[in-house]
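The data block below is final-v5.csv; it holds CSV, C-alpha atoms.
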```csv
chain,number,residue,atom,x,y,z
Q,1,MET,CA,0.0,0.0,0.0
Q,2,ALA,CA,1.4,3.4,-0.9
Q,3,ARG,CA,1.5,5.5,2.3
Q,4,LYS,CA,0.6,9.1,2.4
Q,5,GLU,CA,0.5,11.6,5.3
Q,6,ALA,CA,-2.2,14.3,5.5
Q,7,CYS,CA,-1.0,17.9,4.9
Q,8,SER,CA,2.5,16.8,3.6
Q,9,ASP,CA,3.8,18.6,0.5
Q,10,GLU,CA,6.6,16.1,0.0
Q,11,ASP,CA,4.4,13.0,-0.5
Q,12,GLN,CA,3.3,12.0,-4.0
Q,13,GLY,CA,0.2,10.0,-5.0
Q,14,THR,CA,-2.9,10.0,-7.1
Q,15,ASP,CA,-6.1,11.9,-6.2
Q,16,SER,CA,-8.1,8.7,-6.3
Q,17,SER,CA,-5.8,7.0,-3.7
Q,18,ARG,CA,-6.2,10.0,-1.3
Q,19,GLU,CA,-10.0,10.0,-1.8
Q,20,ASP,CA,-10.1,6.2,-1.0
Q,21,LEU,CA,-8.0,6.6,2.1
Q,22,GLU,CA,-10.0,9.6,3.3
Q,23,SER,CA,-13.2,7.7,2.6
Q,24,PHE,CA,-11.9,4.8,4.7
Q,25,ALA,CA,-10.9,7.1,7.6
Q,26,ASP,CA,-14.3,8.8,7.6
Q,27,ARG,CA,-16.2,5.5,7.5
Q,28,ARG,CA,-14.2,4.1,10.4
Q,29,GLU,CA,-14.7,7.3,12.4
Q,30,LYS,CA,-18.5,7.4,11.8
Q,31,GLU,CA,-18.8,3.7,12.8
Q,32,ALA,CA,-17.0,4.3,16.0
Q,33,LYS,CA,-19.0,7.4,16.8
Q,34,SER,CA,-22.3,5.7,16.1
Q,35,ALA,CA,-21.3,2.7,18.3
Q,36,LEU,CA,-20.4,5.1,21.1
Q,37,ASP,CA,-23.7,7.0,20.9
Q,38,GLU,CA,-25.7,3.8,20.9
Q,39,LEU,CA,-23.9,1.8,23.6
Q,40,LEU,CA,-23.3,4.7,26.0
Q,41,SER,CA,-26.9,5.9,25.8
Q,42,ASP,CA,-27.9,2.4,27.0
Q,43,LYS,CA,-25.2,2.4,29.7
Q,44,SER,CA,-24.3,-1.1,28.4
Q,45,MET,CA,-20.6,-0.6,28.1
Q,46,GLU,CA,-18.5,0.2,31.2
Q,47,PHE,CA,-15.4,-1.8,30.6
Q,48,CYS,CA,-12.8,-1.8,27.7
Q,49,SER,CA,-13.4,-4.9,25.5
Q,50,ARG,CA,-9.6,-5.4,25.2
Q,51,CYS,CA,-8.0,-4.7,28.7
Q,52,ASN,CA,-11.2,-4.9,30.8
Q,53,ARG,CA,-10.4,-1.6,32.5
Q,54,LYS,CA,-13.4,0.3,33.8
Q,55,VAL,CA,-14.1,3.4,31.8
Q,56,GLY,CA,-16.3,6.0,33.3
Q,57,SER,CA,-16.3,8.9,30.8
Q,58,ARG,CA,-17.2,9.1,27.2
Q,59,VAL,CA,-14.0,10.9,26.3
Q,60,ASP,CA,-12.0,7.8,27.5
Q,61,TRP,CA,-13.3,5.8,24.5
Q,62,ALA,CA,-11.2,5.9,21.3
Q,63,GLY,CA,-12.5,3.3,18.9
Q,64,LYS,CA,-14.6,0.2,18.2
Q,65,CYS,CA,-13.5,-3.4,17.4
Q,66,TRP,CA,-13.0,-3.8,13.6
Q,67,TRP,CA,-14.6,-7.3,13.6
Q,68,GLU,CA,-17.7,-7.3,11.4
Q,69,GLY,CA,-20.7,-6.9,13.7
Q,70,CYS,CA,-18.8,-6.5,17.0
Q,71,LYS,CA,-19.8,-3.6,19.2
Q,72,GLY,CA,-16.9,-3.9,21.6
Q,73,LEU,CA,-15.3,-0.5,22.4
Q,74,LEU,CA,-11.6,0.2,23.1
Q,75,CYS,CA,-10.1,2.7,25.5
Q,76,HIS,CA,-7.5,5.4,24.6
Q,77,GLU,CA,-4.7,3.3,26.0
Q,78,CYS,CA,-5.5,0.2,23.9
Q,79,TRP,CA,-6.4,2.1,20.7
Q,80,GLY,CA,-3.8,4.9,20.7
Q,81,ILE,CA,-0.8,3.5,22.7
Q,82,HIS,CA,-0.9,-0.2,21.9
Q,83,LYS,CA,-2.5,0.2,18.4
Q,84,PHE,CA,-5.1,-2.6,19.1
Q,85,ARG,CA,-8.0,-2.6,16.6
Q,86,PHE,CA,-9.8,-5.8,17.9
Q,87,CYS,CA,-11.5,-6.8,21.2
Q,88,ARG,CA,-9.8,-9.5,23.2
Q,89,ASP,CA,-12.0,-12.4,21.8
Q,90,HIS,CA,-11.6,-11.4,18.2
Q,91,ALA,CA,-7.8,-10.8,18.6
Q,92,LYS,CA,-7.5,-14.4,19.7
Q,93,SER,CA,-9.5,-15.5,16.6
Q,94,ILE,CA,-7.1,-13.8,14.3
Q,95,ALA,CA,-3.7,-14.1,15.9
Q,96,GLY,CA,-4.1,-16.8,18.6
Q,97,ASP,CA,-3.2,-16.6,22.3
Q,98,SER,CA,0.5,-16.0,21.4
Q,99,GLU,CA,-0.3,-12.6,20.2
Q,100,GLU,CA,-2.0,-11.5,23.4
Q,101,GLN,CA,0.1,-9.3,25.6
Q,102,PRO,CA,-0.9,-8.4,29.1
Q,103,ILE,CA,-1.7,-4.8,29.6
Q,104,LYS,CA,-0.8,-3.0,32.8
Q,105,LYS,CA,-3.5,-0.9,34.4
Q,106,ALA,CA,-2.9,2.8,33.7
Q,107,PRO,CA,-3.7,5.6,36.0
Q,108,GLU,CA,-7.0,7.4,35.4
Q,109,PRO,CA,-6.5,9.8,32.5
Q,110,VAL,CA,-7.2,13.5,32.7
Q,111,GLU,CA,-10.3,14.4,30.7
Q,112,GLU,CA,-9.5,16.0,27.4
Q,113,PRO,CA,-11.4,16.8,24.2
Q,114,VAL,CA,-11.8,14.0,21.6
Q,115,ILE,CA,-9.2,14.6,18.9
Q,116,LYS,CA,-10.0,13.5,15.3
Q,117,ALA,CA,-7.5,10.8,14.1
Q,118,ASP,CA,-5.2,12.0,11.3
Q,119,LEU,CA,-5.0,10.3,7.9
Q,120,ARG,CA,-1.7,8.6,8.6
Q,121,ALA,CA,-3.0,6.9,11.8
Q,122,MET,CA,-5.9,5.5,9.8
Q,123,ILE,CA,-3.5,4.3,7.0
Q,124,ASP,CA,-1.4,2.5,9.6
Q,125,ALA,CA,-4.4,0.9,11.2
Q,126,HIS,CA,-5.7,-0.2,7.8
Q,127,GLN,CA,-2.3,-1.8,7.0
Q,128,GLU,CA,-2.4,-3.5,10.4
Q,129,ASP,CA,-5.8,-4.9,9.6
Q,130,MET,CA,-4.6,-6.3,6.2
Q,131,GLU,CA,-1.6,-8.0,7.8
Q,132,ALA,CA,-3.8,-9.6,10.5
Q,133,ARG,CA,-6.2,-10.9,7.7
Q,134,LEU,CA,-3.2,-12.4,5.8
Q,135,ARG,CA,-1.9,-14.1,8.9
Q,136,TYR,CA,-5.4,-15.6,9.5
Q,137,LEU,CA,-5.8,-16.8,5.8
Q,138,THR,CA,-2.3,-18.3,5.9
Q,139,GLN,CA,-3.1,-20.3,9.1
Q,140,GLU,CA,-6.5,-21.4,7.7
Q,141,PHE,CA,-4.9,-22.6,4.4
Q,142,ALA,CA,-2.3,-24.6,6.3
Q,143,SER,CA,-5.0,-26.2,8.4
Q,144,TRP,CA,-7.1,-27.0,5.3
Q,145,LEU,CA,-4.0,-28.7,3.6
Q,146,MET,CA,-3.2,-30.7,6.7
Q,147,LYS,CA,-6.8,-32.0,6.9
Q,148,ARG,CA,-6.7,-32.9,3.1
Q,149,MET,CA,-3.5,-34.9,3.5
Q,150,GLU,CA,-4.6,-36.6,6.7
Q,151,LYS,CA,-7.8,-37.7,4.9
Q,152,GLN,CA,-6.4,-38.7,1.5
Q,153,GLY,CA,-2.9,-39.6,2.5
Q,154,PRO,CA,0.1,-37.3,2.2
Q,155,ILE,CA,2.0,-36.4,-1.0
Q,156,ASP,CA,4.0,-39.6,-1.8
Q,157,TRP,CA,6.6,-38.6,-4.5
Q,158,THR,CA,9.3,-36.2,-5.4
Q,159,PRO,CA,11.1,-35.7,-8.7
Q,160,ARG,CA,13.7,-38.2,-7.4
Q,161,GLU,CA,11.7,-41.0,-5.8
Q,162,ALA,CA,8.3,-42.4,-4.7
Q,163,PHE,CA,7.6,-43.6,-1.2
Q,164,GLU,CA,4.8,-45.2,0.9
Q,165,ASN,CA,3.5,-45.0,4.5
Q,166,ALA,CA,4.5,-41.3,5.0
Q,167,GLN,CA,3.5,-39.1,7.9
Q,168,VAL,CA,2.9,-35.4,8.0
Q,169,ALA,CA,3.8,-32.9,10.8
Q,170,ARG,CA,3.3,-29.2,11.1
Q,171,LYS,CA,5.4,-26.6,12.8
Q,172,GLU,CA,6.0,-22.8,12.8
Q,173,GLY,CA,9.2,-21.7,11.0
Q,174,ALA,CA,11.8,-19.2,12.3
Q,175,GLU,CA,10.8,-16.6,9.7
Q,176,GLY,CA,7.1,-16.8,10.1
Q,177,GLU,CA,6.5,-19.6,7.6
Q,178,ILE,CA,4.4,-22.6,8.4
Q,179,ALA,CA,6.4,-25.8,7.6
Q,180,ILE,CA,4.5,-29.1,6.8
Q,181,SER,CA,7.0,-32.0,6.5
Q,182,VAL,CA,6.3,-35.3,4.9
Q,183,SER,CA,8.6,-38.1,6.2
Q,184,ILE,CA,9.0,-41.9,6.3
Q,185,LYS,CA,10.4,-44.1,9.0
Q,186,LYS,CA,14.0,-45.2,8.2
Q,187,TRP,CA,15.5,-47.6,10.7
Q,188,LEU,CA,15.2,-45.9,14.1
Q,189,ARG,CA,14.4,-42.4,12.9
Q,190,ARG,CA,12.3,-40.5,10.5
Q,191,LYS,CA,13.6,-39.0,7.3
Q,192,VAL,CA,12.0,-35.9,5.7
Q,193,LYS,CA,11.3,-36.5,2.0
Q,194,LEU,CA,9.4,-33.3,1.3
Q,195,SER,CA,8.7,-29.9,2.9
Q,196,ILE,CA,5.8,-27.6,2.2
Q,197,LEU,CA,6.5,-24.1,3.2
Q,198,ILE,CA,3.5,-21.7,3.5
Q,199,SER,CA,3.9,-18.0,3.9
Q,200,SER,CA,2.0,-14.8,3.2
Q,201,ILE,CA,2.7,-12.1,0.6
Q,202,GLU,CA,1.6,-8.5,0.9
Q,203,SER,CA,-0.8,-8.1,-1.9
Q,204,ALA,CA,-0.4,-4.3,-2.0
Q,205,ASP,CA,3.4,-4.3,-2.1
Q,206,VAL,CA,5.4,-4.0,-5.3
Q,207,LEU,CA,6.9,-7.5,-5.9
Q,208,ASP,CA,10.7,-7.5,-5.9
Q,209,ALA,CA,11.6,-10.7,-7.8
Q,210,ASN,CA,15.2,-10.7,-6.6
Q,211,SER,CA,14.2,-10.2,-2.9
Q,212,LEU,CA,11.6,-13.0,-3.2
Q,213,MET,CA,14.0,-15.4,-4.8
Q,214,ALA,CA,16.5,-14.7,-2.0
Q,215,LEU,CA,13.8,-15.4,0.6
Q,216,LEU,CA,12.8,-18.7,-1.0
Q,217,ARG,CA,16.4,-19.9,-1.2
Q,218,ARG,CA,17.1,-18.9,2.4
Q,219,LEU,CA,14.1,-20.8,3.6
Q,220,ALA,CA,14.9,-23.8,1.4
Q,221,ARG,CA,18.3,-24.1,3.2
Q,222,LYS,CA,16.6,-24.3,6.6
Q,223,HIS,CA,14.3,-27.2,5.7
Q,224,LYS,CA,14.9,-30.7,4.5
Q,225,GLY,CA,13.7,-32.7,1.4
Q,226,PHE,CA,12.3,-31.4,-1.8
Q,227,LYS,CA,10.6,-28.0,-1.3
Q,228,LEU,CA,7.1,-26.8,-2.3
Q,229,PHE,CA,6.5,-23.1,-1.6
Q,230,VAL,CA,3.0,-21.8,-1.2
Q,231,LEU,CA,2.6,-18.0,-1.0
Q,232,VAL,CA,-0.8,-16.8,0.3
Q,233,ALA,CA,-2.3,-13.5,-0.9
Q,234,ASP,CA,-5.6,-11.7,-0.7
Q,235,GLY,CA,-6.1,-9.9,-4.0
Q,236,ALA,CA,-2.8,-10.7,-5.7
Q,237,LYS,CA,-1.3,-8.0,-8.0
Q,238,LEU,CA,-0.5,-8.7,-11.6
Q,239,ASP,CA,3.3,-8.7,-11.1
Q,240,ALA,CA,2.9,-11.4,-8.4
Q,241,VAL,CA,0.7,-13.5,-10.7
Q,242,SER,CA,3.1,-13.1,-13.5
Q,243,PHE,CA,6.0,-14.1,-11.3
Q,244,ALA,CA,4.2,-17.3,-10.3
Q,245,ASN,CA,3.2,-18.2,-13.8
Q,246,ARG,CA,6.8,-17.9,-15.0
Q,247,PHE,CA,8.6,-19.4,-12.0
Q,248,ILE,CA,10.8,-22.5,-12.6
Q,249,ASP,CA,13.6,-23.9,-10.5
Q,250,PRO,CA,15.1,-27.4,-10.3
Q,251,ASP,CA,15.3,-27.3,-6.5
Q,252,PHE,CA,11.7,-26.4,-5.6
Q,253,CYS,CA,8.3,-25.5,-6.9
Q,254,MET,CA,6.2,-22.4,-6.1
Q,255,PHE,CA,2.5,-21.6,-6.0
Q,256,LEU,CA,0.5,-18.4,-5.4
Q,257,VAL,CA,-2.9,-19.0,-3.8
Q,258,GLU,CA,-5.8,-16.7,-3.0
Q,259,PRO,CA,-7.9,-18.8,-0.5
Q,260,ARG,CA,-10.9,-16.4,-0.4
Q,261,ALA,CA,-11.2,-16.3,-4.2
Q,262,GLY,CA,-10.2,-20.0,-4.7
Q,263,ASN,CA,-7.5,-19.0,-7.2
Q,264,LEU,CA,-4.2,-20.9,-7.7
Q,265,TYR,CA,-1.4,-19.6,-9.9
Q,266,TYR,CA,1.7,-21.6,-11.0
Q,267,ASN,CA,3.8,-22.4,-14.1
Q,268,LEU,CA,1.6,-24.5,-16.3
Q,269,ASN,CA,4.5,-25.3,-18.6
Q,270,ASP,CA,6.5,-27.1,-15.9
Q,271,PRO,CA,5.3,-30.7,-15.6
Q,272,ILE,CA,6.7,-31.2,-12.1
Q,273,THR,CA,4.9,-28.1,-10.7
Q,274,SER,CA,1.7,-29.1,-12.5
Q,275,GLY,CA,1.9,-32.5,-11.0
Q,276,TYR,CA,1.8,-31.1,-7.5
Q,277,SER,CA,-0.8,-28.4,-8.3
Q,278,SER,CA,-3.9,-30.4,-7.5
Q,279,TRP,CA,-2.9,-30.7,-3.8
Q,280,PHE,CA,-3.1,-26.9,-3.4
Q,281,SER,CA,-6.2,-26.2,-5.5
Q,282,GLN,CA,-9.5,-25.9,-3.6
Q,283,LYS,CA,-11.3,-26.7,-6.9
Q,284,LYS,CA,-9.6,-30.0,-7.8
Q,285,ASP,CA,-9.2,-33.4,-6.3
Q,286,ALA,CA,-5.7,-34.4,-5.2
Q,287,TYR,CA,-4.3,-37.7,-6.5
Q,288,ALA,CA,-1.6,-40.0,-5.1
Q,289,PHE,CA,1.3,-41.0,-7.3
Q,290,ARG,CA,-0.2,-44.4,-8.1
Q,291,GLU,CA,-3.4,-42.9,-9.4
Q,292,ARG,CA,-1.5,-40.4,-11.5
Q,293,LEU,CA,0.4,-43.2,-13.1
Q,294,LYS,CA,-2.8,-45.0,-14.0
Q,295,ARG,CA,-4.0,-41.9,-15.9
Q,296,GLN,CA,-0.9,-42.2,-18.2
Q,297,ALA,CA,-0.9,-46.0,-18.5
Q,298,ASP,CA,-1.9,-48.1,-21.6
Q,299,LEU,CA,-4.1,-51.2,-21.5
Q,300,VAL,CA,-2.3,-54.1,-23.1
Q,301,SER,CA,-3.8,-57.6,-23.1
Q,302,GLY,CA,-6.1,-56.6,-20.3
Q,303,ARG,CA,-3.3,-55.2,-18.1
Q,304,LEU,CA,-2.2,-51.7,-17.4
Q,305,VAL,CA,1.3,-50.9,-18.7
Q,306,ILE,CA,3.5,-47.9,-18.2
Q,307,SER,CA,7.0,-47.1,-19.7
Q,308,GLU,CA,9.9,-45.0,-18.4
Q,309,LYS,CA,9.7,-42.9,-21.6
Q,310,VAL,CA,6.1,-41.9,-20.9
Q,311,VAL,CA,6.8,-41.1,-17.3
Q,312,THR,CA,9.8,-39.0,-18.2
Q,313,LYS,CA,7.7,-36.9,-20.7
Q,314,GLU,CA,4.5,-36.6,-18.7
Q,315,PHE,CA,6.0,-36.0,-15.2
Q,316,GLY,CA,9.1,-34.0,-16.3
Q,317,PHE,CA,11.5,-36.4,-14.5
Q,318,LEU,CA,15.1,-37.1,-15.6
Q,319,PRO,CA,15.4,-40.5,-17.4
Q,320,SER,CA,17.5,-41.9,-14.6
Q,321,ASN,CA,15.1,-40.7,-12.0
Q,322,ALA,CA,12.1,-42.2,-13.9
Q,323,GLU,CA,13.7,-45.6,-13.8
Q,324,ARG,CA,14.5,-45.4,-10.1
Q,325,ILE,CA,11.0,-44.2,-9.2
Q,326,LEU,CA,9.2,-46.9,-11.2
Q,327,ARG,CA,11.5,-49.6,-9.8
Q,328,SER,CA,10.7,-48.4,-6.2
Q,329,CYS,CA,6.9,-48.8,-6.7
Q,330,ARG,CA,5.9,-52.1,-5.1
Q,331,PHE,CA,2.7,-52.2,-7.1
Q,332,LEU,CA,4.6,-52.5,-10.4
Q,333,VAL,CA,6.5,-55.4,-12.0
Q,334,HIS,CA,9.4,-54.6,-14.3
Q,335,VAL,CA,9.6,-56.4,-17.7
Q,336,PRO,CA,13.2,-57.6,-18.1
Q,337,GLU,CA,15.3,-56.0,-20.8
Q,338,THR,CA,12.7,-53.3,-21.4
Q,339,ASP,CA,11.7,-49.9,-19.9
Q,340,THR,CA,8.2,-51.2,-19.4
Q,341,TYR,CA,6.3,-52.0,-16.2
Q,342,PHE,CA,2.9,-53.6,-15.5
Q,343,TRP,CA,0.5,-53.5,-12.6
Q,344,LYS,CA,0.4,-56.5,-10.3
Q,345,ASP,CA,-2.8,-58.4,-10.0
Q,346,GLU,CA,-5.1,-57.2,-7.2
Q,347,LYS,CA,-4.3,-60.2,-5.1
Q,348,GLN,CA,-0.6,-59.4,-5.4
Q,349,ALA,CA,-0.8,-55.7,-4.8
```

Could you rewrite the structure in this file as structure tokens?
Amino acid sequence: MARKEACSDEDQGTDSSREDLESFADRREKEAKSALDELLSDKSMEFCSRCNRKVGSRVDWAGKCWWEGCKGLLCHECWGIHKFRFCRDHAKSIAGDSEEQPIKKAPEPVEEPVIKADLRAMIDAHQEDMEARLRYLTQEFASWLMKRMEKQGPIDWTPREAFENAQVARKEGAEGEIAISVSIKKWLRRKVKLSILISSIESADVLDANSLMALLRRLARKHKGFKLFVLVADGAKLDAVSFANRFIDPDFCMFLVEPRAGNLYYNLNDPITSGYSSWFSQKKDAYAFRERLKRQADLVSGRLVISEKVVTKEFGFLPSNAERILRSCRFLVHVPETDTYFWKDEKQA
């Protein structure tokens, strides 16, 4: 979001941007004033909805919770000093208990006239609201993906190998990313085969491709296995969509998702990225590696048959990796002296 202070001759911007911001500021101010008039006339609000401090004067109120339909009011200390824009219950809904910070009781303030908030303060508050919404959407998307893999089974392949009986685990990364690891048991420990790294992207920011690539590579070094990056946006800009549509890297795949709109952007021309795309699309069913192989197989003498050549072309694997992956599939039988494999009978599978 381009920031612009009121009454500043140095700032640059369009008339339409200023009108939108002023409209936003006026609307928020009117909502807060209306809520104050209604609630205080009924004497139904005596305590701040964030710090629970008793408020005895109208001038001690500074704002109203920004959650849709909530009538909770916030005192001057919570609104002006701590920059809180949600009541305690809705702050937990957005950021969780970890974001809640105890507030020390302040001495009774001296009564003073209500001061109209300037434009910059409203811009900062709006930016804070956007960031909170993105954090919420990122957490919700990660939860949705975890439930999908727990129900249908986790992703069971990388461009180098296929595997079975994998388990998934979720944890918070050091740089704010959510890391979902897919691992298999190997001897007495578990080995991570694939890491899904979910993070948010500021939809209003100008995308710096070099900075984003540096971030992806830095995160890739901190996690194990093949990497799948999922960037969550809320109204993605054209440059971000263009970046996702053209992105290709041999070490990891990248997707841009808008959960509220149900949109998913990625490089359609990269077979490996396309192969993973169904897992992150809310409009498609996700398929395990075995099911995807069946879609490319031929029926010969009543049996399903697949070749290394077909897998190399359709999946984008290297020829050497295609052979290794197919030989590792327990549900396939290799035909000697050929690059062909057929499915075992149901009783043998």

Problem set entry | Nearest-residue call for Q:Cys87, choices Q:Arg327, Q:Lys193, Q:Lys344, Q:Lys71, using all atoms listed in the file | Q:Lys71

For this session: Tell me, as a PyMOL selection string, which residues lie within 9 Å of stretch 246-263 of chain Q, counting only C-alpha atoms; anything in the same chain fewer than 5 positions away does not count.
Result: chain Q and resi 137-138+140-141+201+220+226-236+240-241+268-270+272-273+276-277+280-283

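Straight-line separation from atom CA of Q:Lys284 to atom CA of Q:Gln152: 13.1 Å.
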
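Atom CA of Q:Lys224 is positioned 26.0 Å from atom CA of Q:Glu291.
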
For this session: Could you give me, as a list in words, the residues within 9 Å of stretch 181-189 of chain Q, counting all atoms listed in the file and dropping anything in the same chain fewer than 4 positions from it?
Result: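 Skipping anything fewer than 4 positions along the chain leaves Pro154, Ile155, Asp156, Phe163, Glu164, Asn165, Ala166, Gln167, Val168, Ala169, Arg170, Lys171, Lys193, Leu194, Ser195, Ile196, Leu197, His223, Lys224 and Gly225 of chain Q.
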
For this session: May I have the residues within 9 Å of Q:Phe84 as a ChimeraX atom specification, using all atoms listed in the file and disregarding those fewer than 6 positions away in the same chain?
Result: /Q:50,65,74,78,91,125

For this session: Mind giving me the straight-line distance from atom CA of Q:Ala286 to atom CA of Q:Val311 in Å, one decimal?
Result: 18.6 Å

For this session: Considering only C-alpha atoms, state which residue in the set Q:Gln296, Q:Ser328, Q:Ser200, Q:Ser307 is at the smallest distance from Q:Thr340.
Result: Q:Ser307

Exercise. So, counting only C-alpha atoms, which residue among Q:Leu216, Q:Ala162, Q:Trp279, Q:Glu175 is closest to Q:Lys147?
Worked result: Q:Trp279

Exercise. Which one of Q:Lys151, Q:Lys294, Q:Gly176, Q:Thr312 sits closest to Q:Leu215 if you count all atoms listed in the file?
Worked result: Q:Gly176

Exercise. With all atoms listed in the file as the basis for distance, which of Q:Glu131, Q:Ile306, Q:Leu145, Q:Gly80 is at the shortest distance from Q:His334?
Worked result: Q:Ile306
